[in-house]
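Participant: Please read through the structure below; I'll follow up with questions.
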Amino acid sequence: MPSVPSPSEARSSGPAVPGRDGTILEAHNLIKTFRLGGRDVTVLHGVSLKVKRGEFVALMGPSGSGKSTLLQLLGGLDRPTSGEVILDGEVVSRLSEGEATRLRRDKTGFVFQFFNLIPLLDVYENVALPFTIAGVDPRRGEAAARIVDVLEMVDLVGCERNRPDQLSAGEQQRVALARALVCRPAILLADEPTGNLDYANSGQILDKLWRSCDERGQTIVLVTHDARAAAHADRVLVIGDGAIRDEIELGRRKEIDPRPLITRLAQLGL
Amino acid sequence: MRRFSSLAWRSLLARRLRSVLTIAGVGLGVAVLFASLTASATMDAAVDRAAADEMGHADLRVQTLEERGLSPEAVAAVKGVAGVAVAAPALERKTYLAADPNQTASSALPAPVTVLGIDPSVESQVHDMPLSAGRRLDDTDSLSAVVTQTLAAEQHLRIGDSITVNGSVKSGPQAFSVVGIVVGDGALPDAAGRLLFVPLASAATLFDATGVTRVDLTARPGVSADELSRQIEAAIKTEPYLLQKTADTADSLRAQTADYRGTLLLVVAVVLFAGAFLIFNTLSMTVTERAREVGLLRAAGTSRSQVMSFVLLQALVLGAVGSGVGVVAGVGLAALTLAWVSATGPVALSAPDIAPGSVALALLVGVVVTLAASLEPAWRAGRIPPIEALRRGPKGAVAGEARLRWLGLVFGVLALAAVVVWPRAAESSSASTSGGVAGTSGVGGPLMVYALLLFAVLLVPRVLGPLLRLTGIPFRVFRNEERLARSALARDSSRTALTAGAMVIGLAMVVALGAAALNVRQIGAHWLAETIPGTEVLTSIRPVSPTGAVRDQIAAIPGVKSVSPVGLFGVGLGNVRQEAAAIVGRDFASDGRLVFVTNGGDPASAFAALDAGGTVIVPESLATASNIRLGDTLDFTSGQTSTRLRVVGIVAHSIPGDSEEAILVGWSDAVGPFGATGADFFAVRYAAGQEAAARNLVDATALQYALQPENLDRVTGTVGDALDRVFKLLDALALIAVLIAGLGMVNTLSMSVFERAREIGVLRATGMSSRQVWAMVVIEAGSLGVAGALIGTLVGLFVGGLLVALSSGGFDVGFSPPWDSIALAAFFGVVISVTAAVYPAGIASRQSIVQALQHE
Ligand SMILES: Nc1ncnc2c1ncn2[C@@H]1O[C@H](COP(=O)(O)OP(=O)(O)OP(=O)(O)O)[C@@H](O)[C@H]1O
Ligand SMILES: [Mg+2]
């Protein structure tokens with residue numbers, strides 16, 4: 001990265017309070033192209049979106065439409081071919097490797113579909129991982145308090161000493177969720193966290209997600225196939241062929257009812 | 001089957017790095033084996049050649065046991081024996097060339113020359129003397145000499161030049177005219193090339209001698225060497241002598257390298273062991289990695305034996321290619337080995353003899369070891385059930401210890417096979433006083449050490465877990481990485497144990513060799529300190545009068561407390577040669593030398609009796625071997641008579657001779673019945689604190705009388721240095737085992753990084769920097785290296801201690817840890833481990849997060 005601040009960097013070092021309208025995450029015209037066997041395949045054709053602080057957004061779309069790719073760009077795991085991602089005032093797509101690492105550590109939390117946990121660390125250690133990586137002792141002070149708090153939130157008190165292979169799939173996913181939330185990230189990015197779970201366990205995870213948003217103001221972007229999951233969101237973005245096809249405003253509700261969403265999706269032919 | 005060979009081939013290509021590293025490991029192992037075989041064969045050939053050269057066409061050599069030599073009567077008697085066709089007598093003496101008047105005094109004596117007086121009329125019938133210039137000696141010559149090319153080159157001699165050599169005190173120096181130059185070094189290993197031949201009569205006059213050193217005989221047609229021996233034994237009964245055949249000469253030369261060979265065998269075994277670990281680990285990983293694939297094949301109807309042959313085929317390819325590479329590399333390694341040891345060995349060595357047998361053996365062992373190590377992985381692959389194809393997620397637990405035990409069994413069997421196959425390994429070596437590593441035994445010692453190492457490796461999995469906790473401590477600075485690295489190591493503990501195991505035995509070997517080397521040095525120092533009444537010795541190549549002006553003059557130098565003459569000579573005791581030393585008992589008594597064993601007599605009276613004559617002090621080794629007790633009388637053959645001496649003392653250790661401990665007699669007996677002509681060295685004891693001041697004058701005086709001053713420390717040092725060279729070579733070979741272990745570590749870490757790709761992806765997504773990932777893998781290797789070095793050192797110390805206990809020869813030298821070797825082992829263990837981690841760590845840290853997350 002050049003040491004002379006560019007206009008965008010000047011903006012990134014601006015006030016901690018993001019966009020005037022409370023926007024915490026912005027994507028501008030994201031294009032992502034992969035080279036595949038000598039051919040360029042464009043997966044995202046200029047995606048733009050905004051997520052407000054405390055908002056719960058779901059990304060839906062058919063398989064191969066680029067949902068995971070988009071999520072990875074939003075979280076700074078990968079760089080767009082062109083376009084910009086601005087997270088909490090920082091231009092993610094222009095960060096150096098070191099800055100991107102710090103951003104991942106401090107501002108984003110990820111939950112994936114499979115194998116989220118380090119098999120040889122116990123539940124407590126897995127949840128404590130972000131602190132451990134940052135060189136903070138997770139056994140004392142603020143860190144310990146947060147870990148206890150987040151374990152309570154996902155109902156895993158008493159399982160601290162268990163190893164991942166001693167837990168059910170649903171419990172494992174709750175550990176992963178706890179780990180993603182423990183640092184109170186600016187945004188939680190979840191890629192089909194319920195894709196591998198049965199009905200009851202999915203419901204638990206979604207409930208935890210929704211409550212973290214509703215009770216603690218956690219901003220969430222959730223990728224899912226499942227309308228029942230997406231129905232927990234305030235807003236659903238429908239992706240098709242690498243672009244946002246539709247936007248469905250559901251608003252915050254106490255009673256989650258997927259039926260209106262399913263009807264709406266059916267109208268869109270999904 | 002065709003399909004399988006292509007599948008096996010592709011499986012090897014798919015993990016190219018792993019295959020290449022494995023081949024390199026097998027190659028290194030086979031290279032060490034081949035180099036050792038070749039070095040051994042070359043040494044054997046050189047020994048045989050040297051023995052053949054020395055004996056020429058002689059069927060038998062009659063060798064005197066005494067300084068004065070075989071009398072003319074005895075020589076006449078030999079010549080008169082019916083079975084003798086040709087009898088060639090010779091007189092051998094070491095002397096110096098007369099000093100060059102222009103030469104300035106120096107602190108060291110020049111190298112001596114050996115004069116061989118021969119009978120020109122018969123010598124050529126027994127010994128070939130290929131000339132490079134001039135002519136041979138003939139009957140008419142008297143003051144003519146034939147010199148070796150080596151001596152001619154060193155002294156710038158040409159035909160017609162004159163060469164002056166020092167004779168006895170009585171005859172003084174004598175000039176000889178050079179009439180011929182013999183090719184090369186001349187056939188006398190002891191002379192180291194500085195050899196000149198003169199007519200026997202001239203030599204006898206020069207050295208004022210009547211006897212001869214040896215008579216070489218050829219038998220009449222139809223008379224065997226054994227028959228000839230019997231006839232000689234019947235003919236000469238009055239003088240002590242030794243009968244030697246070519247084979248005896250070769251054996252005595254070979255015996256000097258026996259310890260070295262035994263130890264080499266051990267090191268080779270260790271290196272091969274490390275190679276086998278690598279193979280085993282590689283194939284185990286391949287099988288684990290391909291479990292699902294194999295499950296699919298099984299589900300599709302592939303039979304167990306087909307799956308097994310798929311694994312064995314891969315092993316065969318790795319083994320064959322590796323062995324081929326190894327033999328080629330082994331040629332170079334053999335040349336290096338020979339160059340390194342020829343500086344210490346008794347015979348000159350040439351370029352390596354590459355025997356087809358050695359090539360075949362090395363290839364065979366390489367492939368057999370590879371296949372043996374792959375049997376278990378192959379068997380395990382065959383047992384993979386078809387449902388494995390449907391399994392998802394982490395692999396099942398593995399029975400690490402059972403695997404290791406199985407590997408141990410294979411190696412037990414291979415070790416037994418090696419003993420049978422190892423060329424000449426079973427040959428017994430004559431007892432030697434100073435032990436090498438295997439000093440006390442031929443193959444038994446190495447085998448025991450090997451078994452110990454094997455056992456130690458089997459213990460590795462048990463101690464590794466707690467140890468890793470310990471060895472991670474230095475890396476605690478990187479707290480989190482260390483914690484994660486340790487859990488990575490715990491993931492497949494049997495794989496970790498295998499990886500560390502190879503390193504452990506290599507490092508243990510280095511430490512054990514170090515302990516043994518250190519111990520040999522210490523024994524040497526203790527030995528001399530216990531038996532020599534002084535801190536300095538003044539040695540002479542020719543006997544010097546024990547009571548003459550030389551001794552008196554040196555004893556008169558202020559600060560010198562005592563000067564004690566010691567003469568070394570051979571005596572006949574019950575038809576075998578026994579080395580003897582003439583000493584002044586009074587000096588030993590006042591200096592407090594020698595340790596008398598319990599019931600071994602009283603020192604004061606024993607020493608007094610020795611000076612009075614008719615008595616002998618024997619070393620405990622001889623007393624035990626020949627069942628000699630205090631007060632016994634021993635019959636010695638001396639000249640034409642027999643001499644009886646009464647045993648007045650038995651000592652723990654005596655003055656070391658060439659190949660055994662000497663018996664001790666007083667000077668009156670030595671010069672009287674035994675005909676010893678003088679002292680070979682004087683031991684000088686300085687008054688306390690005055691050595692530094694008196695030393696220079698003593699040395700200068702000694703040099704005037706052609707005595708070479710030598711500090712006792714230096715004497716042991718010189719012996720020690722030669723040993724060190726050999727030990728360094730063995731160390732280097734043992735370190736190859738560590739290197740192989742390093743290759744194994746690259747494999748293991750690469751595999752571990754590959755397996756953990758997704759996990760590393762999650763860590764990176766959680767905010768771990770690529771530098772942290774790099775550190776994590778390097779720490780993983782580093783703590784494994786530290787653990788390996790720690791266990792290796794402990795095992796090495798144990799093995800070393802055992803070797804020392806076996807070979808200490810009754811010296812209470814104690815056991816001091818070989819810090820140099822421990823440092824070397826620790827350094828190499830950690831450096832090789834960390835180096836091994838660089839590549840896998842690079843891969844792990846550079847991996848893109850997105851791709852890592854997609855990995856399953
Ligand atoms: N690293 C890559 N290299 C090449 N192509 C890729 C890569 N990652 C994704 N793709 C392609 O991009 C397209 C979108 O992939 P992505 O994983 O984002 O889809 P998705 O919407 O998450 O699908 P799903 O619902 O099945 O998870 C796919 O066609 C995929 O093959
Ligand atoms: Mg996806």
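Letters A, B, ... mark the chains of the structure tokens in the order given; residue numbers begin at 1 per chain; ligand numbers begin at 1, in order shown.
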May I have the residues of chain A within 9 Å of chain B, counting only C-alpha atoms, written as a PyMOL selection string?

Facilitator: chain A and resi 69+72+75-78+97-98+100-106+108-110+112+115-121+129-130+132-135+179-180

Participant: Dump C-alpha atoms for the selected residues as a JSON list (two decimals), in the first residue's frame?

Facilitator:
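Saved the output as result-v2.json:
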[["chain", "number", "residue", "atom", "x", "y", "z"],
["A", 69, "THR", "CA", -18.07, -15.44, -3.60],
["A", 72, "GLN", "CA", -15.99, -13.70, 0.81],
["A", 75, "GLY", "CA", -15.50, -10.17, 4.55],
["A", 76, "GLY", "CA", -12.14, -9.44, 2.96],
["A", 77, "LEU", "CA", -11.23, -13.09, 2.47],
["A", 78, "ASP", "CA", -10.72, -12.39, -1.21],
["A", 97, "GLU", "CA", -2.32, -8.16, 3.79],
["A", 98, "GLY", "CA", -1.56, -7.16, 7.38],
["A", 100, "ALA", "CA", -6.80, -7.27, 6.10],
["A", 101, "THR", "CA", -5.72, -9.77, 8.74],
["A", 102, "ARG", "CA", -6.41, -7.25, 11.48],
["A", 103, "LEU", "CA", -9.79, -6.45, 9.93],
["A", 104, "ARG", "CA", -10.73, -10.13, 9.91],
["A", 105, "ARG", "CA", -9.64, -10.44, 13.49],
["A", 106, "ASP", "CA", -11.36, -7.31, 14.83],
["A", 108, "THR", "CA", -15.68, -9.64, 11.01],
["A", 109, "GLY", "CA", -16.90, -12.96, 12.26],
["A", 110, "PHE", "CA", -17.41, -15.94, 9.98],
["A", 112, "PHE", "CA", -19.29, -21.70, 7.50],
["A", 115, "PHE", "CA", -15.75, -28.05, 9.73],
["A", 116, "ASN", "CA", -15.64, -24.76, 11.46],
["A", 117, "LEU", "CA", -13.76, -25.89, 14.50],
["A", 118, "ILE", "CA", -10.18, -26.85, 15.33],
["A", 119, "PRO", "CA", -10.59, -30.50, 16.31],
["A", 120, "LEU", "CA", -7.88, -30.58, 18.96],
["A", 121, "LEU", "CA", -9.00, -27.53, 20.87],
["A", 129, "LEU", "CA", -9.44, -18.43, 19.31],
["A", 130, "PRO", "CA", -9.81, -14.80, 18.17],
["A", 132, "THR", "CA", -5.61, -16.26, 21.38],
["A", 133, "ILE", "CA", -4.65, -15.22, 17.89],
["A", 134, "ALA", "CA", -4.56, -11.59, 18.95],
["A", 135, "GLY", "CA", -2.25, -12.55, 21.82],
["A", 179, "ARG", "CA", -16.49, -17.89, 18.17],
["A", 180, "ALA", "CA", -17.68, -15.58, 15.42]]

Participant: Pick out the residues sitting within 9 Å of range 824-839 of chain B, and hand them over as a ChimeraX atom specification; count only C-alpha atoms, and ignore anything fewer than 4 positions along from it in its own chain.

Facilitator: /B:503-504,506-508,510-511,735,738-739,741-747,749-750,774,777-790,792-793,819-820,843-844

Participant: What lies within 12 Å of range 329-339 of chain B using only C-alpha atoms, ignoring chain neighbours under 5 positions off, as a PyMOL selection string?

Facilitator: chain B and resi 24-43+46+264+322-324+344-345+347-355+358-359+362-363+725-733+736

Participant: Suppose we keep C-alpha atoms; can you now write the selection as a PDB file, in the first residue's frame?

Facilitator:
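Result file is out33.pdb:
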ATOM      1  CA  ALA B  24      16.317 -39.251  -1.728  1.00  0.00           C
ATOM      2  CA  GLY B  25      15.992 -40.861   1.705  1.00  0.00           C
ATOM      3  CA  VAL B  26      16.280 -44.389   0.372  1.00  0.00           C
ATOM      4  CA  GLY B  27      19.132 -43.182  -1.811  1.00  0.00           C
ATOM      5  CA  LEU B  28      21.037 -41.755   1.133  1.00  0.00           C
ATOM      6  CA  GLY B  29      20.573 -44.954   3.110  1.00  0.00           C
ATOM      7  CA  VAL B  30      21.730 -47.132   0.250  1.00  0.00           C
ATOM      8  CA  ALA B  31      24.597 -44.747  -0.464  1.00  0.00           C
ATOM      9  CA  VAL B  32      25.872 -45.168   3.079  1.00  0.00           C
ATOM     10  CA  LEU B  33      25.477 -48.931   2.831  1.00  0.00           C
ATOM     11  CA  PHE B  34      27.213 -49.101  -0.515  1.00  0.00           C
ATOM     12  CA  ALA B  35      29.993 -46.791   0.582  1.00  0.00           C
ATOM     13  CA  SER B  36      30.580 -48.937   3.653  1.00  0.00           C
ATOM     14  CA  LEU B  37      30.601 -52.144   1.657  1.00  0.00           C
ATOM     15  CA  THR B  38      32.963 -50.632  -0.857  1.00  0.00           C
ATOM     16  CA  ALA B  39      35.213 -49.095   1.759  1.00  0.00           C
ATOM     17  CA  SER B  40      35.340 -52.445   3.540  1.00  0.00           C
ATOM     18  CA  ALA B  41      36.101 -54.333   0.360  1.00  0.00           C
ATOM     19  CA  THR B  42      38.756 -51.823  -0.581  1.00  0.00           C
ATOM     20  CA  MET B  43      40.315 -52.073   2.846  1.00  0.00           C
ATOM     21  CA  ALA B  46      44.486 -53.335   0.425  1.00  0.00           C
ATOM     22  CA  LEU B 264      30.473 -49.030  10.798  1.00  0.00           C
ATOM     23  CA  GLY B 322      16.174 -44.852  -4.586  1.00  0.00           C
ATOM     24  CA  SER B 323      18.619 -47.749  -4.444  1.00  0.00           C
ATOM     25  CA  GLY B 324      19.868 -46.970  -7.943  1.00  0.00           C
ATOM     26  CA  THR B 344      44.585 -43.285  10.026  1.00  0.00           C
ATOM     27  CA  GLY B 345      44.711 -46.858   8.790  1.00  0.00           C
ATOM     28  CA  VAL B 347      47.705 -49.698   5.090  1.00  0.00           C
ATOM     29  CA  ALA B 348      47.566 -47.313   2.196  1.00  0.00           C
ATOM     30  CA  LEU B 349      44.229 -47.317   0.404  1.00  0.00           C
ATOM     31  CA  SER B 350      43.630 -46.781  -3.239  1.00  0.00           C
ATOM     32  CA  ALA B 351      40.560 -45.694  -5.164  1.00  0.00           C
ATOM     33  CA  PRO B 352      37.418 -47.621  -4.226  1.00  0.00           C
ATOM     34  CA  ASP B 353      37.092 -51.117  -5.665  1.00  0.00           C
ATOM     35  CA  ILE B 354      33.586 -51.266  -7.048  1.00  0.00           C
ATOM     36  CA  ALA B 355      32.628 -54.889  -6.841  1.00  0.00           C
ATOM     37  CA  SER B 358      28.547 -54.839  -3.487  1.00  0.00           C
ATOM     38  CA  VAL B 359      26.355 -53.173  -6.090  1.00  0.00           C
ATOM     39  CA  ALA B 362      23.259 -52.627  -1.897  1.00  0.00           C
ATOM     40  CA  LEU B 363      20.445 -52.721  -4.448  1.00  0.00           C
ATOM     41  CA  ARG B 725      39.099 -39.001  12.720  1.00  0.00           C
ATOM     42  CA  VAL B 726      37.427 -42.366  12.599  1.00  0.00           C
ATOM     43  CA  PHE B 727      34.738 -41.253  15.018  1.00  0.00           C
ATOM     44  CA  LYS B 728      34.137 -38.106  13.009  1.00  0.00           C
ATOM     45  CA  LEU B 729      33.539 -40.214   9.944  1.00  0.00           C
ATOM     46  CA  LEU B 730      31.097 -42.385  11.832  1.00  0.00           C
ATOM     47  CA  ASP B 731      29.463 -39.256  13.206  1.00  0.00           C
ATOM     48  CA  ALA B 732      29.073 -37.901   9.711  1.00  0.00           C
ATOM     49  CA  LEU B 733      27.438 -41.133   8.610  1.00  0.00           C
ATOM     50  CA  ILE B 736      23.033 -38.854   7.417  1.00  0.00           C
TER      51      ILE B 736
END

Participant: Please identify all protein, DNA and RNA residues within 7 Å of ligand 1, counting only C-alpha atoms and all ligand atoms, and report them as a ChimeraX atom specification.

Facilitator: /A:34-36,43,61-70,225 /B:850-851

Participant: Using the chain letters and numbers from this document, which residues of range 31-86 of chain A does DSSP assign to alpha helix (DSSP H), as a list of chain:residue names?

Facilitator: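 Matching residues, listed in order: A:Lys67, A:Ser68, A:Thr69, A:Leu70, A:Leu71, A:Gln72, A:Leu73, A:Leu74.
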
Participant: Could you give me, as a JSON list (two decimals) with N, CA and C atoms, in the first residue's frame, the residues within 7 Å of Val198 in chain B, counting only C-alpha atoms and dropping anything in the same chain fewer than 2 positions from it?

Facilitator:
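Below you can see selection-v6.json, which holds the result:
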[["chain", "number", "residue", "atom", "x", "y", "z"],
["B", 116, "LEU", "N", 66.95, -52.52, 5.54],
["B", 116, "LEU", "CA", 66.70, -53.96, 5.47],
["B", 116, "LEU", "C", 67.92, -54.62, 4.85],
["B", 117, "GLY", "N", 68.63, -55.36, 5.68],
["B", 117, "GLY", "CA", 69.79, -56.10, 5.16],
["B", 117, "GLY", "C", 69.31, -57.41, 4.56],
["B", 118, "ILE", "N", 69.64, -57.67, 3.30],
["B", 118, "ILE", "CA", 69.15, -58.88, 2.63],
["B", 118, "ILE", "C", 70.30, -59.67, 2.03],
["B", 144, "SER", "N", 76.67, -50.95, -1.21],
["B", 144, "SER", "CA", 75.68, -50.46, -2.18],
["B", 144, "SER", "C", 74.31, -50.54, -1.54],
["B", 145, "ALA", "N", 73.39, -49.71, -2.04],
["B", 145, "ALA", "CA", 72.03, -49.72, -1.50],
["B", 145, "ALA", "C", 71.03, -49.55, -2.63],
["B", 146, "VAL", "N", 69.87, -50.19, -2.44],
["B", 146, "VAL", "CA", 68.73, -49.94, -3.32],
["B", 146, "VAL", "C", 67.70, -49.20, -2.47],
["B", 196, "LEU", "N", 65.52, -48.59, 2.78],
["B", 196, "LEU", "CA", 66.61, -48.92, 1.86],
["B", 196, "LEU", "C", 67.12, -50.32, 2.12],
["B", 200, "LEU", "N", 73.12, -58.00, 3.47],
["B", 200, "LEU", "CA", 72.96, -58.44, 4.85],
["B", 200, "LEU", "C", 74.26, -58.24, 5.67],
["B", 202, "SER", "N", 76.67, -56.12, 5.25],
["B", 202, "SER", "CA", 76.91, -54.71, 5.54],
["B", 202, "SER", "C", 76.00, -54.23, 6.65],
["B", 203, "ALA", "N", 74.75, -54.69, 6.63],
["B", 203, "ALA", "CA", 73.80, -54.29, 7.67],
["B", 203, "ALA", "C", 74.26, -54.81, 9.02]]

Participant: Using only C-alpha atoms, determine which residues lie at most 10 Å from Asp234 in chain A, disregarding the query and same-chain residues fewer than 3 positions distant; provide the list as an MDAnalysis selection string.

Facilitator: chainID A and resid 54:58 210 220 230:231 248:253

Participant: Would you mind listing what lies within 12 Å of Leu25 in chain A as a VMD selection string, with only C-alpha atoms counted and same-chain residues fewer than 2 positions away left out?

Facilitator: chain A and resid 17 to 19 21 to 23 27 to 28 48 to 57 71 73 to 76 84 to 92 107 to 108 186 to 189 219 to 221

Participant: Just write the chosen residues, C-alpha atoms, as a short mmCIF file (atom, residue, chain, number, x, y, z; two decimals), in the first residue's frame.

Facilitator:
data_model
loop_
_atom_site.label_atom_id
_atom_site.label_comp_id
_atom_site.auth_asym_id
_atom_site.auth_seq_id
_atom_site.Cartn_x
_atom_site.Cartn_y
_atom_site.Cartn_z
CA VAL A 17 -19.25 6.41 12.95
CA PRO A 18 -19.83 5.10 9.45
CA GLY A 19 -22.06 6.44 6.71
CA ASP A 21 -27.40 6.95 7.17
CA GLY A 22 -25.92 4.34 9.58
CA THR A 23 -24.49 2.19 6.78
CA ALA A 27 -20.33 -2.66 -1.86
CA HIS A 28 -19.89 -0.66 -5.03
CA SER A 48 -23.75 -3.00 -5.23
CA LEU A 49 -25.37 -3.14 -1.84
CA LYS A 50 -25.60 -1.43 1.52
CA VAL A 51 -26.11 -2.91 4.97
CA LYS A 52 -27.11 -0.70 7.86
CA ARG A 53 -25.75 -1.08 11.35
CA GLY A 54 -27.81 -3.63 13.26
CA GLU A 55 -29.48 -4.92 10.15
CA PHE A 56 -30.03 -8.60 9.35
CA VAL A 57 -29.67 -9.21 5.63
CA LEU A 71 -19.72 -13.03 1.01
CA LEU A 73 -15.43 -10.34 -0.86
CA LEU A 74 -17.53 -8.58 1.77
CA GLY A 75 -15.50 -10.17 4.55
CA GLY A 76 -12.14 -9.44 2.96
CA GLU A 84 -14.98 -1.55 -3.65
CA VAL A 85 -16.08 -2.91 -0.32
CA ILE A 86 -16.28 -0.45 2.54
CA LEU A 87 -16.66 -2.00 5.97
CA ASP A 88 -17.03 0.21 8.99
CA GLY A 89 -15.35 3.04 7.17
CA GLU A 90 -12.44 1.02 5.77
CA VAL A 91 -11.99 0.19 2.12
CA VAL A 92 -11.57 -3.54 2.50
CA LYS A 107 -14.30 -6.53 12.60
CA THR A 108 -15.68 -9.64 11.01
CA ALA A 186 -18.89 -5.08 13.21
CA ILE A 187 -20.48 -7.66 11.01
CA LEU A 188 -21.20 -11.38 11.15
CA LEU A 189 -20.96 -13.23 7.86
CA THR A 219 -25.23 -6.74 12.00
CA ILE A 220 -25.58 -9.99 10.06
CA VAL A 221 -25.25 -11.07 6.45
#

Participant: Quick one: everything within 10 Å of range 177-185 of chain B, counting only C-alpha atoms, minus sequence neighbours fewer than 3 positions away in the same chain. Send it as a VMD selection string.

Facilitator: chain B and resid 128 to 137 141 to 152 157 to 164 188 to 189 191 to 198

Participant: Return the single residue from A:Glu152, A:Glu160, A:Glu192, A:Glu171 that is closest to ligand 2, with distances computed using only C-alpha atoms and all ligand atoms.

Facilitator: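 Distance minimum relative to ligand 2 lands on A:Glu192.
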
Participant: How many Å separate CA of Val327 in chain B from CA of Ala250 in chain B?

Facilitator: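 Separating CA of Val327 in chain B from CA of Ala250 in chain B is a distance of 28.5 Å.
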
Participant: Measuring atom to atom with only C-alpha atoms and all ligand atoms, identify which of A:Ala145, A:Val223, A:Leu181, A:Ile244 is nearest to ligand 2.

Facilitator: A:Val223

Participant: Looking at only C-alpha atoms, which of A:Val182, A:Arg161, A:Tyr124, A:Pro193 is the one that sits closest to Ala143 in chain A?

Facilitator: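 Among A:Val182, A:Arg161, A:Tyr124, A:Pro193, it is A:Val182 that comes nearest to Ala143 in chain A.
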